[in-house]
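Visitor: Following this line is structure32.txt, made up of compact mmCIF, C-alpha atoms and all ligand atoms:
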```txt
# COMPACT_ATOMS: atom_id res chain seq x y z
CA MET A 1 -38.98 23.96 -37.66
CA GLY A 2 -35.65 22.21 -37.16
CA MET A 3 -33.26 22.95 -34.33
CA PHE A 4 -30.21 25.14 -34.86
CA ASP A 5 -27.90 27.59 -33.14
CA THR A 6 -27.57 31.27 -34.04
CA PHE A 7 -24.60 33.58 -34.59
CA TYR A 8 -25.31 37.25 -33.84
CA GLY A 9 -23.09 40.05 -35.04
CA LYS A 10 -22.73 42.97 -37.39
CA TYR A 11 -20.93 44.05 -40.53
CA THR A 12 -20.92 47.05 -42.84
CA CYS A 13 -22.71 46.52 -46.14
CA GLU A 14 -20.19 47.37 -48.87
CA HIS A 15 -22.96 48.31 -51.26
CA CYS A 16 -25.00 50.82 -49.24
CA GLY A 17 -22.69 51.45 -46.29
CA LYS A 18 -25.28 50.56 -43.64
CA THR A 19 -24.39 48.63 -40.51
CA VAL A 20 -26.23 45.33 -40.73
CA GLU A 21 -27.04 43.29 -37.64
CA PHE A 22 -27.18 39.68 -38.72
CA GLU A 23 -28.67 36.51 -37.27
CA GLU A 24 -27.11 33.52 -38.92
CA GLN A 25 -28.70 30.18 -38.13
CA THR A 26 -26.29 27.29 -38.19
CA LYS A 27 -26.56 23.54 -37.87
CA ASP A 28 -22.80 23.03 -37.51
CA PHE A 29 -22.77 23.06 -33.72
CA LYS A 30 -24.96 21.56 -31.00
CA ASN A 31 -28.34 22.54 -32.48
CA CYS A 32 -29.58 23.44 -29.02
CA LEU A 33 -30.98 26.89 -29.85
CA LEU A 34 -27.82 28.44 -28.42
CA ASP A 35 -26.96 32.07 -29.14
CA PHE A 36 -23.39 32.83 -30.16
CA LYS A 37 -22.21 36.39 -29.70
CA LEU A 38 -18.83 38.05 -30.12
CA GLY A 39 -16.53 36.76 -27.39
CA ASP A 40 -18.47 33.52 -26.76
CA TYR A 41 -16.79 30.14 -26.85
CA VAL A 42 -18.73 28.21 -29.51
CA ASP A 43 -16.52 25.10 -29.56
CA LEU A 44 -15.29 23.28 -26.53
CA GLY A 45 -12.24 22.21 -28.50
CA ASP A 46 -9.25 24.39 -29.16
CA LYS A 47 -10.07 24.87 -32.85
CA ASN A 48 -9.13 27.70 -35.22
CA TYR A 49 -11.14 28.25 -38.40
CA PHE A 50 -13.53 30.49 -40.28
CA TYR A 51 -17.25 29.82 -40.37
CA ASN A 52 -18.43 31.03 -43.79
CA PHE A 53 -21.89 32.19 -44.81
CA THR A 54 -23.66 34.72 -46.98
CA TYR A 55 -26.02 37.42 -45.78
CA GLU A 56 -28.46 39.65 -47.59
CA CYS A 57 -28.53 43.32 -46.58
CA PRO A 58 -32.12 44.07 -45.48
CA GLU A 59 -31.68 47.63 -46.78
CA CYS A 60 -30.32 47.23 -50.35
CA HIS A 61 -30.49 43.41 -50.73
CA ALA A 62 -26.82 43.13 -51.70
CA VAL A 63 -25.49 39.71 -50.71
CA THR A 64 -22.20 39.68 -48.82
CA GLU A 65 -19.94 36.70 -48.20
CA LEU A 66 -18.86 36.74 -44.57
CA SER A 67 -16.52 34.74 -42.36
CA ILE A 68 -16.75 34.45 -38.61
CA GLY A 69 -13.32 33.95 -37.09
CA ILE A 70 -13.04 31.23 -34.45
CA ARG A 71 -9.81 31.26 -32.41
CA ASN A 72 -9.26 28.56 -29.77
CA GLY A 73 -12.99 27.88 -30.04
CA GLN A 74 -13.90 31.54 -29.41
CA TYR A 75 -15.94 33.76 -31.74
CA VAL A 76 -13.47 36.63 -32.16
CA GLY A 77 -14.63 38.61 -35.19
CA VAL A 78 -16.60 39.04 -38.41
CA PHE A 79 -14.68 39.50 -41.67
CA LEU A 80 -15.44 39.83 -45.35
CA ALA A 81 -14.82 36.36 -46.79
CA GLU A 82 -12.44 37.75 -49.43
CA ASN A 83 -10.21 39.13 -46.66
CA ALA A 84 -10.54 36.02 -44.51
CA ARG A 85 -9.26 33.86 -47.38
CA ASN A 86 -5.85 35.51 -46.99
CA MET A 87 -5.82 35.24 -43.23
CA ASP A 88 -4.58 32.46 -40.95
CA PRO A 89 -7.17 31.84 -38.21
CA LYS A 90 -4.28 30.92 -35.90
CA GLU A 91 -3.13 34.52 -36.07
CA LEU A 92 -6.40 35.92 -34.78
CA GLU A 93 -6.26 37.19 -31.22
CA ASN A 94 -8.53 36.01 -28.44
CA ILE A 95 -10.73 38.67 -26.87
CA GLU A 96 -12.59 39.20 -23.59
CA ASN A 97 -14.74 36.17 -22.82
CA GLY A 98 -18.39 37.14 -23.43
CA LEU A 99 -17.44 40.62 -24.69
CA GLN A 100 -20.70 41.33 -26.51
CA ARG A 101 -22.80 40.07 -23.61
CA ARG A 102 -20.88 42.27 -21.18
CA ILE A 103 -21.41 45.32 -23.40
CA GLU A 104 -25.12 44.52 -23.68
CA TYR A 105 -25.36 44.02 -19.92
CA ASP A 106 -23.63 47.37 -19.25
CA LYS A 107 -26.13 49.06 -21.55
CA MET A 108 -29.10 47.38 -19.85
CA CYS A 109 -27.79 48.43 -16.43
CA GLU A 110 -27.35 51.99 -17.59
CA GLU A 111 -30.79 52.21 -19.19
CA LYS A 112 -32.38 50.22 -16.35
CA LEU A 113 -34.17 48.08 -18.94
CA GLY A 114 -33.48 44.49 -19.83
CA LEU A 115 -33.08 40.88 -18.85
CA GLU A 116 -30.97 39.20 -16.23
CA GLU A 117 -30.68 35.54 -15.35
CA ALA A 118 -30.15 34.63 -11.69
CA GLU A 119 -27.34 32.21 -10.99
CA GLY A 120 -27.98 28.58 -10.20
CA MET A 121 -31.15 26.53 -9.96
CA HIS A 122 -34.03 27.51 -7.72
CA ASP A 123 -36.50 25.24 -5.97
CA GLU A 124 -38.90 28.00 -5.03
CA LEU A 125 -40.16 31.39 -6.06
CA ILE A 126 -40.87 33.72 -3.17
CA ALA A 127 -42.38 37.18 -3.61
CA LEU A 128 -40.83 40.07 -1.69
CA LYS A 129 -43.17 42.47 0.10
CA VAL A 130 -43.80 46.18 -0.34
CA GLY A 131 -40.82 48.16 0.95
CA ASP A 132 -38.27 45.37 0.34
CA ILE A 133 -35.24 45.89 -1.87
CA LEU A 134 -34.54 43.82 -4.97
CA LYS A 135 -31.17 44.00 -6.71
CA VAL A 136 -31.36 43.61 -10.48
CA LEU A 137 -29.21 45.13 -13.25
CA ARG A 138 -26.78 46.52 -10.63
CA THR A 139 -29.61 48.62 -9.21
CA ALA A 140 -31.30 48.39 -5.80
CA TRP A 141 -35.04 48.61 -6.48
CA MET A 142 -37.55 49.58 -3.82
CA ILE A 143 -40.68 47.44 -4.18
CA LEU A 144 -43.88 49.52 -4.43
CA GLU A 145 -46.46 46.93 -5.46
CA VAL A 146 -46.41 43.13 -5.63
CA TYR A 147 -48.55 40.94 -7.88
CA TYR A 148 -48.57 37.39 -8.97
CA VAL A 149 -49.81 36.35 -12.37
CA LYS A 150 -52.87 34.11 -12.47
CA TYR A 151 -53.19 32.45 -15.82
CA PRO A 152 -56.62 31.70 -17.21
CA GLU A 153 -57.79 28.29 -16.03
CA GLY A 154 -56.29 25.46 -18.04
CA LYS A 155 -54.79 27.76 -20.63
CA ARG A 156 -51.35 26.83 -21.90
CA SER A 157 -50.50 25.72 -18.41
CA LEU A 158 -47.53 23.80 -19.67
CA LEU A 159 -45.80 26.84 -21.08
CA CYS A 160 -46.85 29.48 -18.57
CA HIS A 161 -44.11 29.99 -16.06
CA PRO A 162 -44.84 31.02 -12.46
CA THR A 163 -44.33 34.78 -12.41
CA ILE A 164 -44.20 37.63 -9.90
CA ILE A 165 -44.62 41.21 -11.04
CA TYR A 166 -43.26 44.14 -9.08
CA ARG A 167 -43.81 47.79 -9.55
CA ALA A 168 -40.53 49.28 -8.34
CA GLU A 169 -38.55 52.49 -8.11
CA ALA A 170 -34.86 53.39 -8.03
CA ASP A 171 -33.13 56.78 -8.50
CA SER A 172 -36.52 58.32 -9.44
CA VAL A 173 -36.99 55.79 -12.25
CA ASN A 174 -40.17 53.71 -12.16
CA ARG A 175 -40.17 50.26 -13.68
CA VAL A 176 -42.05 46.99 -13.79
CA ILE A 177 -39.94 43.96 -12.89
CA GLU A 178 -41.11 40.52 -13.93
CA VAL A 179 -39.58 37.61 -12.04
CA SER A 180 -40.29 34.20 -13.49
CA ILE A 181 -39.06 30.68 -13.06
CA ASN A 182 -38.84 27.94 -15.64
CA PRO A 183 -40.20 24.97 -13.65
CA PHE A 184 -38.34 22.48 -15.84
CA THR A 185 -34.86 24.00 -15.73
CA ARG A 186 -35.47 25.79 -12.37
CA LYS A 187 -33.80 28.88 -13.78
CA LEU A 188 -34.90 32.27 -12.51
CA TYR A 189 -35.20 35.30 -14.79
CA TYR A 190 -35.64 39.01 -14.19
CA HIS A 191 -37.09 41.33 -16.78
CA VAL A 192 -36.97 45.06 -16.05
CA CYS A 193 -39.30 46.94 -18.38
CA LYS A 194 -41.21 50.17 -18.66
CA ASP A 195 -43.84 50.95 -16.05
CA ASN A 196 -46.89 49.45 -17.74
CA LEU A 197 -48.95 46.58 -16.35
CA GLU A 198 -51.16 46.14 -19.38
CA PRO A 199 -51.13 42.47 -20.48
CA LEU A 200 -50.03 41.87 -24.07
CA SER A 201 -52.75 41.87 -26.68
CA SER A 202 -53.08 38.66 -28.66
CA GLU A 203 -51.45 40.39 -31.66
CA GLU A 204 -48.49 41.57 -29.59
CA CYS A 205 -48.00 37.99 -28.43
CA TYR A 206 -46.96 36.95 -31.89
CA LYS A 207 -44.65 39.89 -32.51
CA ASP A 208 -40.96 39.86 -31.63
CA PHE A 209 -40.18 40.16 -27.97
CA ASP A 210 -40.10 43.84 -26.94
CA ILE A 211 -37.57 44.41 -24.18
CA ASN A 212 -39.40 47.56 -23.03
CA ARG A 213 -42.73 45.83 -22.60
CA CYS A 214 -43.84 43.51 -19.81
CA SER A 215 -44.75 40.13 -21.26
CA ILE A 216 -47.91 39.29 -19.32
CA GLU A 217 -50.02 36.85 -21.33
CA PRO A 218 -53.42 38.04 -22.61
CA ASP A 219 -56.31 37.21 -20.25
CA SER A 220 -53.97 36.83 -17.27
CA ILE A 221 -55.08 38.37 -14.01
CA LEU A 222 -52.69 40.20 -11.70
CA GLU A 223 -53.45 39.43 -8.09
CA LYS A 224 -52.14 41.85 -5.50
CA LEU A 225 -49.82 40.28 -2.97
CA PRO A 226 -48.61 43.13 -0.74
CA GLU A 227 -47.24 40.81 1.95
CA GLY A 228 -45.29 38.68 -0.52
CA GLY A 229 -44.81 34.97 0.16
CA SER A 230 -44.17 31.74 -1.68
CA ILE A 231 -45.89 31.45 -5.03
CA TRP A 232 -44.24 28.30 -6.35
CA ASN A 233 -42.12 25.47 -5.07
CA ALA A 234 -40.72 22.50 -6.88
CA GLU A 235 -41.95 19.88 -4.45
CA GLU A 236 -45.58 21.05 -4.58
CA ASP A 237 -45.31 21.31 -8.35
CA LEU A 238 -44.15 17.72 -8.56
CA GLU A 239 -46.99 16.58 -6.28
CA LYS A 240 -49.45 18.44 -8.47
CA ILE A 241 -48.07 16.81 -11.61
CA GLU A 242 -48.21 13.38 -9.97
CA LYS A 243 -51.77 13.99 -8.84
CA ILE A 244 -52.81 15.02 -12.34
CA SER A 245 -50.98 11.99 -13.72
CA SER A 246 -52.70 9.54 -11.38
CA GLU A 247 -56.08 11.14 -11.95
CA ARG A 248 -55.48 10.64 -15.60
CA CYS A 249 -54.85 6.93 -15.30
CA ASN A 250 -56.76 5.45 -18.24
CA SER A 251 -57.82 8.93 -19.17
CA PHE A 252 -58.17 8.35 -22.88
CA SER A 253 -61.55 8.76 -24.53
CA ASP A 254 -62.78 8.99 -28.09
CA ASN A 255 -61.92 12.68 -28.08
CA CYS A 256 -58.64 12.44 -26.25
CA ARG A 257 -55.91 10.09 -27.41
CA ALA A 258 -52.87 11.84 -26.00
CA ILE A 259 -52.12 13.45 -22.64
CA VAL A 260 -49.23 15.08 -20.83
CA GLY A 261 -48.20 12.86 -17.96
CA HIS A 262 -48.23 9.15 -17.33
CA ASP A 263 -51.25 7.08 -18.23
CA TYR A 264 -51.15 3.69 -16.55
CA GLY A 265 -53.42 2.05 -19.08
CA ALA A 266 -52.68 0.68 -22.53
CA ALA A 267 -50.44 3.48 -23.67
CA VAL A 268 -47.30 4.37 -25.55
CA TRP A 269 -45.03 6.64 -23.52
CA MET A 270 -42.71 9.21 -25.00
CA ARG A 271 -40.17 11.26 -23.11
CA PRO A 272 -36.89 13.03 -23.60
CA VAL A 273 -33.95 11.04 -22.28
CA ILE A 274 -30.25 11.40 -21.65
CA ILE A 275 -28.43 8.15 -22.38
CA GLU A 276 -25.20 7.08 -20.67
CA ASP A 277 -23.08 5.53 -23.33
CA GLY A 278 -21.56 2.09 -22.78
CA GLU A 279 -21.30 -1.34 -24.39
CA LYS A 280 -24.84 -2.20 -23.37
CA ILE A 281 -27.69 0.21 -22.79
CA MET A 282 -30.20 -0.95 -20.22
CA SER A 283 -32.96 0.98 -18.51
CA SER A 284 -30.56 1.98 -15.70
CA ASN A 285 -28.45 3.85 -18.27
CA VAL A 286 -31.38 5.91 -19.50
CA HIS A 287 -32.30 9.06 -17.59
CA GLU A 288 -35.67 10.61 -18.14
CA VAL A 289 -35.70 14.39 -18.13
CA GLY A 290 -38.79 16.52 -17.90
CA MET A 291 -42.21 15.92 -19.33
CA GLU A 292 -43.73 12.69 -20.50
CA ILE A 293 -46.59 12.20 -22.91
CA SER A 294 -48.86 9.18 -23.11
CA VAL A 295 -50.65 8.15 -26.27
CA ASP A 296 -53.49 5.66 -26.41
CA SER A 297 -52.12 2.34 -27.72
CA SER A 298 -54.75 1.68 -30.32
CA PHE A 299 -54.49 5.25 -31.65
CA PHE A 300 -50.71 4.86 -31.81
CA ASN A 301 -50.95 1.54 -33.65
CA ASP A 302 -53.65 2.66 -36.08
CA VAL A 303 -52.51 6.18 -36.84
CA LEU A 304 -48.97 6.92 -35.66
CA LEU A 305 -47.04 3.66 -35.76
CA ASP A 306 -46.43 3.85 -39.48
CA GLY A 307 -44.62 7.23 -39.17
CA PHE A 308 -42.56 6.14 -36.19
CA MET A 309 -41.54 2.88 -37.90
CA LYS A 310 -40.59 4.74 -41.05
CA PHE A 311 -38.05 6.92 -39.24
CA PHE A 312 -36.85 4.42 -36.65
CA ASP A 313 -33.15 3.76 -37.19
CA PRO A 314 -32.14 0.31 -35.89
CA GLU A 315 -28.54 1.12 -36.88
CA LEU A 316 -28.40 4.14 -34.57
CA ASP A 317 -25.70 3.42 -31.99
CA VAL A 318 -27.99 3.74 -28.97
CA ASN A 319 -30.60 1.47 -30.58
CA LYS A 320 -28.05 -1.21 -31.47
CA LYS A 321 -26.73 -1.27 -27.91
CA ARG A 322 -30.14 -1.80 -26.25
CA PHE A 323 -29.86 -4.87 -24.06
CA THR A 324 -32.82 -6.64 -22.47
CA ARG A 325 -33.26 -9.30 -19.85
CA ALA A 326 -36.97 -9.61 -20.55
CA PHE A 327 -36.54 -13.09 -21.96
CA SER A 328 -35.52 -16.19 -20.03
CA ASP A 329 -32.06 -16.25 -21.54
CA GLY A 330 -28.89 -14.52 -20.37
CA GLY A 331 -30.08 -11.32 -21.98
CA ARG A 332 -29.94 -10.20 -25.59
CA PHE A 333 -29.54 -7.17 -27.79
CA LEU A 334 -32.64 -5.75 -29.45
CA THR A 335 -32.61 -5.36 -33.19
CA GLY A 336 -35.75 -3.55 -34.30
CA PHE A 337 -38.56 -1.28 -33.15
CA GLU A 338 -39.65 -3.10 -30.01
CA ARG A 339 -43.39 -3.34 -29.33
CA GLU A 340 -43.82 -6.64 -27.55
CA ILE A 341 -41.77 -6.07 -24.43
CA LEU A 342 -41.39 -3.05 -22.22
CA GLU A 343 -38.18 -1.66 -23.71
CA GLN A 344 -37.33 1.72 -25.16
CA ASN A 345 -36.93 2.72 -28.79
CA PHE A 346 -34.71 5.77 -29.29
CA PHE A 347 -35.23 8.55 -31.77
CA THR A 348 -32.85 11.46 -32.31
CA TYR A 349 -34.43 14.92 -32.31
CA GLU A 350 -33.63 15.04 -36.04
CA SER A 351 -35.68 11.89 -36.69
CA ILE A 352 -38.54 13.20 -34.51
CA LYS A 353 -38.53 16.30 -36.70
CA GLU A 354 -38.82 14.06 -39.78
CA ILE A 355 -41.75 12.28 -38.14
CA ILE A 356 -43.39 15.61 -37.34
CA LYS A 357 -42.94 16.69 -40.95
CA TYR A 358 -44.42 13.38 -42.13
CA PHE A 359 -47.47 13.78 -39.89
CA GLU A 360 -47.87 17.44 -40.81
CA ASP A 361 -48.09 16.40 -44.46
CA ILE A 362 -50.75 13.82 -43.60
CA ALA A 363 -52.65 16.33 -41.45
CA SER A 364 -52.75 18.82 -44.31
CA SER A 365 -54.06 16.21 -46.75
CA ASN A 366 -57.38 14.46 -46.30
CA GLU A 367 -56.10 10.99 -45.64
CA ALA A 368 -57.20 10.77 -42.04
CA GLY A 369 -60.45 11.48 -40.22
CA LYS A 370 -61.00 14.86 -38.57
CA LEU A 371 -60.67 13.54 -35.06
CA GLU A 372 -57.50 11.63 -35.88
CA ILE A 373 -56.01 14.79 -37.32
CA ALA A 374 -56.81 16.87 -34.25
CA GLU A 375 -55.18 14.30 -31.98
CA MET A 376 -52.25 13.86 -34.36
CA ILE A 377 -51.64 17.63 -34.28
CA LYS A 378 -51.75 17.49 -30.50
CA VAL A 379 -49.02 14.84 -30.46
CA ILE A 380 -46.98 16.93 -32.92
CA GLU A 381 -47.28 20.02 -30.72
CA LEU A 382 -46.35 18.07 -27.60
CA LEU A 383 -43.29 16.58 -29.28
CA LYS A 384 -42.21 20.06 -30.40
CA THR A 385 -42.67 21.40 -26.88
CA MET A 386 -40.63 18.52 -25.52
CA MET A 387 -37.70 19.24 -27.80
CA LYS A 388 -37.90 22.96 -27.13
CA CYS A 389 -38.04 22.62 -23.35
CA PHE A 390 -35.37 19.94 -23.08
CA PRO A 391 -32.65 20.70 -25.62
CA GLU A 392 -30.14 18.90 -23.40
CA ALA A 393 -31.78 15.51 -23.91
CA LYS A 394 -31.08 14.81 -27.63
CA TYR A 395 -33.17 11.59 -27.76
CA ILE A 396 -36.82 10.78 -27.31
CA SER A 397 -37.66 7.37 -26.00
CA VAL A 398 -40.81 5.65 -27.25
CA MET A 399 -41.98 2.68 -25.25
CA SER A 400 -45.15 0.62 -25.28
ZN ZN A 501 -26.79 47.28 -48.12
```
Written as structure tokens, that's how I'd like the structure from this file.

Guide:
Amino acid sequence: MGMFDTFYGKYTCEHCGKTVEFEEQTKDFKNCLLDFKLGDYVDLGDKNYFYNFTYECPECHAVTELSIGIRNGQYVGVFLAENARNMDPKELENIENGLQRRIEYDKMCEEKLGLEEAEGMHDELIALKVGDILKVLRTAWMILEVYYVKYPEGKRSLLCHPTIIYRAEADSVNRVIEVSINPFTRKLYYHVCKDNLEPLSSEECYKDFDINRCSIEPDSILEKLPEGGSIWNAEEDLEKIEKISSERCNSFSDNCRAIVGHDYGAAVWMRPVIIEDGEKIMSSNVHEVGMEISVDSSFFNDVLLDGFMKFFDPELDVNKKRFTRAFSDGGRFLTGFEREILEQNFFTYESIKEIIKYFEDIASSNEAGKLEIAEMIKVIELLKTMMKCFPEAKYISVMS
């Protein structure tokens, strides 16, 4: 799976007359899994153009050529391509910023069902208590029951976000409100759904997200918390991660060649980074964001090195500008994939995806031992998670 952005919108199928809601994946923009809806600014520049694509009607399978009009960087409309060809994008009119999102939000408020993102970043998640009022979707909800979600021990702990569940009531409407925080981005989300506390079944987990349904993971336990209180805070979380990391110093074994966190032993470390551009790139210009994975050195050299070398691009700007003072000279630029000294090798997300593809091909053939394959798949999954959780980073640094 490569990264992309998605245009959402609708058009009328000329063949069968149905209104088609399309999702057009594009690689022309930031490839950050952004959603573009009518009224969104998709380009930071002041550009005017048509974005052209074809779409197949899910009803009658007729293929229609469509053009999305971009005016001053804003997604302002969907047109049939044949009409757009005779139009000047400079003559399109700008519309309300975030029009489609505002319409969707109005509808969610009216139906008292839907998602809302809290503003800003949050360092803690505190549960309200029974009788308190919570304002979500322009409604003041009276809290009737408070729970926090206990995930099964050790299960998908990386992807399970700390969550509070309320049973709440407003204007004689009963709802379940899920409040969760993404510990990496510190963003807080509300999900108001129908009054049903049944965790998802494992089949439902793989279906499309249902806005009406609470999204409690299978096997989770809801623990009653009538008095409310703090269920997560960033500082404790960090301490926990550091504790796990230090406990896992030299944690590799024959069955475990890759871990999340920092292994202080003979390891190769991979992490998403944001790089400050300049004439020289030194470690002070490289900012680590989010999770790190450590891979046992000998496993990396024997099994993974080949794939990483194959897709390492020494001509990539940020690789060419790497500057080291590790030698007893005045400092020098690095030229290749560096393994001898403690310096970083940069990979774009695109090249990491190539590496993943390369390893997936190996994993599906019989060229490696069973154990190697299991650990290789683990590294693949961790790299995918990294890119998904930290779209802002753009590079992964590999250092041994
Ligand atoms: Zn049709």

Visitor: Hey, what's within 9 Å of segment 84-88 of chain A if we count all atoms listed in the file and toss same-chain stuff fewer than 2 positions away? As a PyMOL selection string, please?

Guide: chain A and resi 48-50+66-69+79-82+90-92

Visitor: Which neighbours of Thr19 of chain A fall inside 10 Å, counting only C-alpha atoms, when residues of the same chain fewer than 4 positions from it are skipped, and could you give them as a PyMOL selection string?

Guide: chain A and resi 10-14+57+59

Visitor: Taking all atoms listed in the file into account, which of A:Glu23, A:Glu204, A:Glu104, A:Glu56 comes nearest ligand ZN 501 (chain A)?

Guide: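 Among A:Glu23, A:Glu204, A:Glu104, A:Glu56, it is A:Glu56 that comes nearest to ligand ZN 501 (chain A).
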
Visitor: Just the residues within 9 Å of Leu383 of chain A, please, counting all atoms listed in the file, with nothing from its chain fewer than 6 positions along; format it as a VMD selection string.

Guide: chain A and resid 270 to 271 293 352 to 353 356 396

Visitor: Select, from A:Leu225, A:Leu34, A:Ile281, A:Cys60, the residue with the minimum atom-to-atom distance to ligand ZN 501 (chain A), counting all atoms listed in the file.

Guide: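 Using all atoms listed in the file, the shortest distance to ligand ZN 501 (chain A) belongs to A:Cys60.
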
Visitor: Determine, counting all atoms listed in the file, which protein, DNA and RNA residues have an atom within 6 Å of an atom of segment 138-149 of chain A; residues of the same chain fewer than 6 positions away are not included. Present the result as a PyMOL selection string.

Guide: chain A and resi 130-132+163-170+221-226

Visitor: Skip Glu315 of chain A itself and residues of its chain fewer than 2 positions away, then list as a list in words all residues within 12 Å of it, counting only C-alpha atoms.

Guide: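 What passes the distance filter is Phe311, Phe312, Asp313, Asp317, Val318, Asn319, Lys320, Lys321, Arg322, Leu334, Thr335, Gly336, Phe337, Asn345, Phe346 and Phe347 of chain A.
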
Visitor: Keeping C-alpha atoms, export the residues of the selection given above as a compact mmCIF listing (two decimals), in the coordinates of the input.

Guide:
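The resulting file, part-v1.txt, is reproduced below:
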```
# COMPACT_ATOMS: atom_id res chain seq x y z
CA PHE A 311 -38.05 6.92 -39.24
CA PHE A 312 -36.85 4.42 -36.65
CA ASP A 313 -33.15 3.76 -37.19
CA ASP A 317 -25.70 3.42 -31.99
CA VAL A 318 -27.99 3.74 -28.97
CA ASN A 319 -30.60 1.47 -30.58
CA LYS A 320 -28.05 -1.21 -31.47
CA LYS A 321 -26.73 -1.27 -27.91
CA ARG A 322 -30.14 -1.80 -26.25
CA LEU A 334 -32.64 -5.75 -29.45
CA THR A 335 -32.61 -5.36 -33.19
CA GLY A 336 -35.75 -3.55 -34.30
CA PHE A 337 -38.56 -1.28 -33.15
CA ASN A 345 -36.93 2.72 -28.79
CA PHE A 346 -34.71 5.77 -29.29
CA PHE A 347 -35.23 8.55 -31.77
```

Visitor: For a quick check of understanding, using all atoms listed in the file, which of A:Ile341, A:Leu304, A:Cys193, A:Ile216 has the smallest distance to Ser400 of chain A?

Guide: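 Among the listed residues, A:Ile341 lies closest to Ser400 of chain A.
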
Visitor: In terms of the shortest atom-to-atom distance over all atoms listed in the file, which of A:Lys129, A:Leu137, A:Thr6, A:Val273 is closest to Glu227 of chain A?

Guide: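 Looking at the shortest contact to Glu227 of chain A, the residue is A:Lys129.
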
Visitor: Check the smallest atom-to-atom distance from each of A:Asn255, A:Gly330, A:Met282, A:Leu188 to Lys370 of chain A using only C-alpha atoms, then report the winner.

Guide: A:Asn255

Visitor: Would you be able to write out as an MDAnalysis selection string which residues have an atom within 7 Å of (-45.5, 51.0, -16.9) in the file's coordinates, counting all atoms listed in the file?

Guide: chainID A and resid 175:176 194:197

Visitor: Output C-alpha atoms for every residue in the selection just made, as an mmCIF file, in the frame of the given file.

Guide:
```cif
data_model
loop_
_atom_site.group_PDB
_atom_site.id
_atom_site.type_symbol
_atom_site.label_atom_id
_atom_site.label_comp_id
_atom_site.auth_asym_id
_atom_site.auth_seq_id
_atom_site.Cartn_x
_atom_site.Cartn_y
_atom_site.Cartn_z
ATOM 1 C CA ARG A 175 -40.170 50.260 -13.680
ATOM 2 C CA VAL A 176 -42.050 46.990 -13.790
ATOM 3 C CA LYS A 194 -41.210 50.170 -18.660
ATOM 4 C CA ASP A 195 -43.840 50.950 -16.050
ATOM 5 C CA ASN A 196 -46.890 49.450 -17.740
ATOM 6 C CA LEU A 197 -48.950 46.580 -16.350
#
```

Visitor: For atom CA of Asp40 of chain A and atom CA of Asn97 of chain A, determine how far apart the two atoms are, in Å to one decimal place.

Guide: 6.0 Å

Visitor: Restricting the calculation to all atoms listed in the file, which member of A:Ala363, A:Glu217, A:Ser201, A:Gly331 is positioned closest to Val379 of chain A?

Guide: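 The answer is A:Ala363, which sits nearest to Val379 of chain A.
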
Visitor: Would you mind reading off the distance between atom CA of Lys357 of chain A and atom CA of Val398 of chain A, one decimal, in Å?

Guide: 17.7 Å

Visitor: Mind rebuilding segment 137-147 of chain A with N, CA and C atoms and writing that out as a PDB file, in the coordinates of the input?

Guide:
```pdb
ATOM      1  N   LEU A 137     -29.923  44.224 -12.336  1.00  0.00           N
ATOM      2  CA  LEU A 137     -29.210  45.130 -13.250  1.00  0.00           C
ATOM      3  C   LEU A 137     -28.386  46.165 -12.463  1.00  0.00           C
ATOM      4  N   ARG A 138     -27.666  45.685 -11.469  1.00  0.00           N
ATOM      5  CA  ARG A 138     -26.780  46.520 -10.630  1.00  0.00           C
ATOM      6  C   ARG A 138     -27.519  47.673  -9.958  1.00  0.00           C
ATOM      7  N   THR A 139     -28.833  47.557  -9.826  1.00  0.00           N
ATOM      8  CA  THR A 139     -29.610  48.620  -9.210  1.00  0.00           C
ATOM      9  C   THR A 139     -30.404  48.056  -8.026  1.00  0.00           C
ATOM     10  N   ALA A 140     -30.491  48.815  -6.952  1.00  0.00           N
ATOM     11  CA  ALA A 140     -31.300  48.390  -5.800  1.00  0.00           C
ATOM     12  C   ALA A 140     -32.688  49.002  -5.960  1.00  0.00           C
ATOM     13  N   TRP A 141     -33.673  48.150  -6.210  1.00  0.00           N
ATOM     14  CA  TRP A 141     -35.040  48.610  -6.480  1.00  0.00           C
ATOM     15  C   TRP A 141     -35.865  48.535  -5.205  1.00  0.00           C
ATOM     16  N   MET A 142     -36.616  49.588  -4.940  1.00  0.00           N
ATOM     17  CA  MET A 142     -37.550  49.580  -3.820  1.00  0.00           C
ATOM     18  C   MET A 142     -38.899  49.088  -4.348  1.00  0.00           C
ATOM     19  N   ILE A 143     -39.427  48.038  -3.719  1.00  0.00           N
ATOM     20  CA  ILE A 143     -40.680  47.440  -4.180  1.00  0.00           C
ATOM     21  C   ILE A 143     -41.878  48.305  -3.745  1.00  0.00           C
ATOM     22  N   LEU A 144     -42.709  48.689  -4.715  1.00  0.00           N
ATOM     23  CA  LEU A 144     -43.880  49.520  -4.430  1.00  0.00           C
ATOM     24  C   LEU A 144     -45.181  48.715  -4.433  1.00  0.00           C
ATOM     25  N   GLU A 145     -45.266  47.772  -5.362  1.00  0.00           N
ATOM     26  CA  GLU A 145     -46.460  46.930  -5.460  1.00  0.00           C
ATOM     27  C   GLU A 145     -46.011  45.522  -5.831  1.00  0.00           C
ATOM     28  N   VAL A 146     -46.757  44.533  -5.350  1.00  0.00           N
ATOM     29  CA  VAL A 146     -46.410  43.130  -5.630  1.00  0.00           C
ATOM     30  C   VAL A 146     -47.649  42.425  -6.195  1.00  0.00           C
ATOM     31  N   TYR A 147     -47.449  41.714  -7.280  1.00  0.00           N
ATOM     32  CA  TYR A 147     -48.550  40.940  -7.880  1.00  0.00           C
ATOM     33  C   TYR A 147     -48.045  39.566  -8.241  1.00  0.00           C
TER      34      TYR A 147
END
```
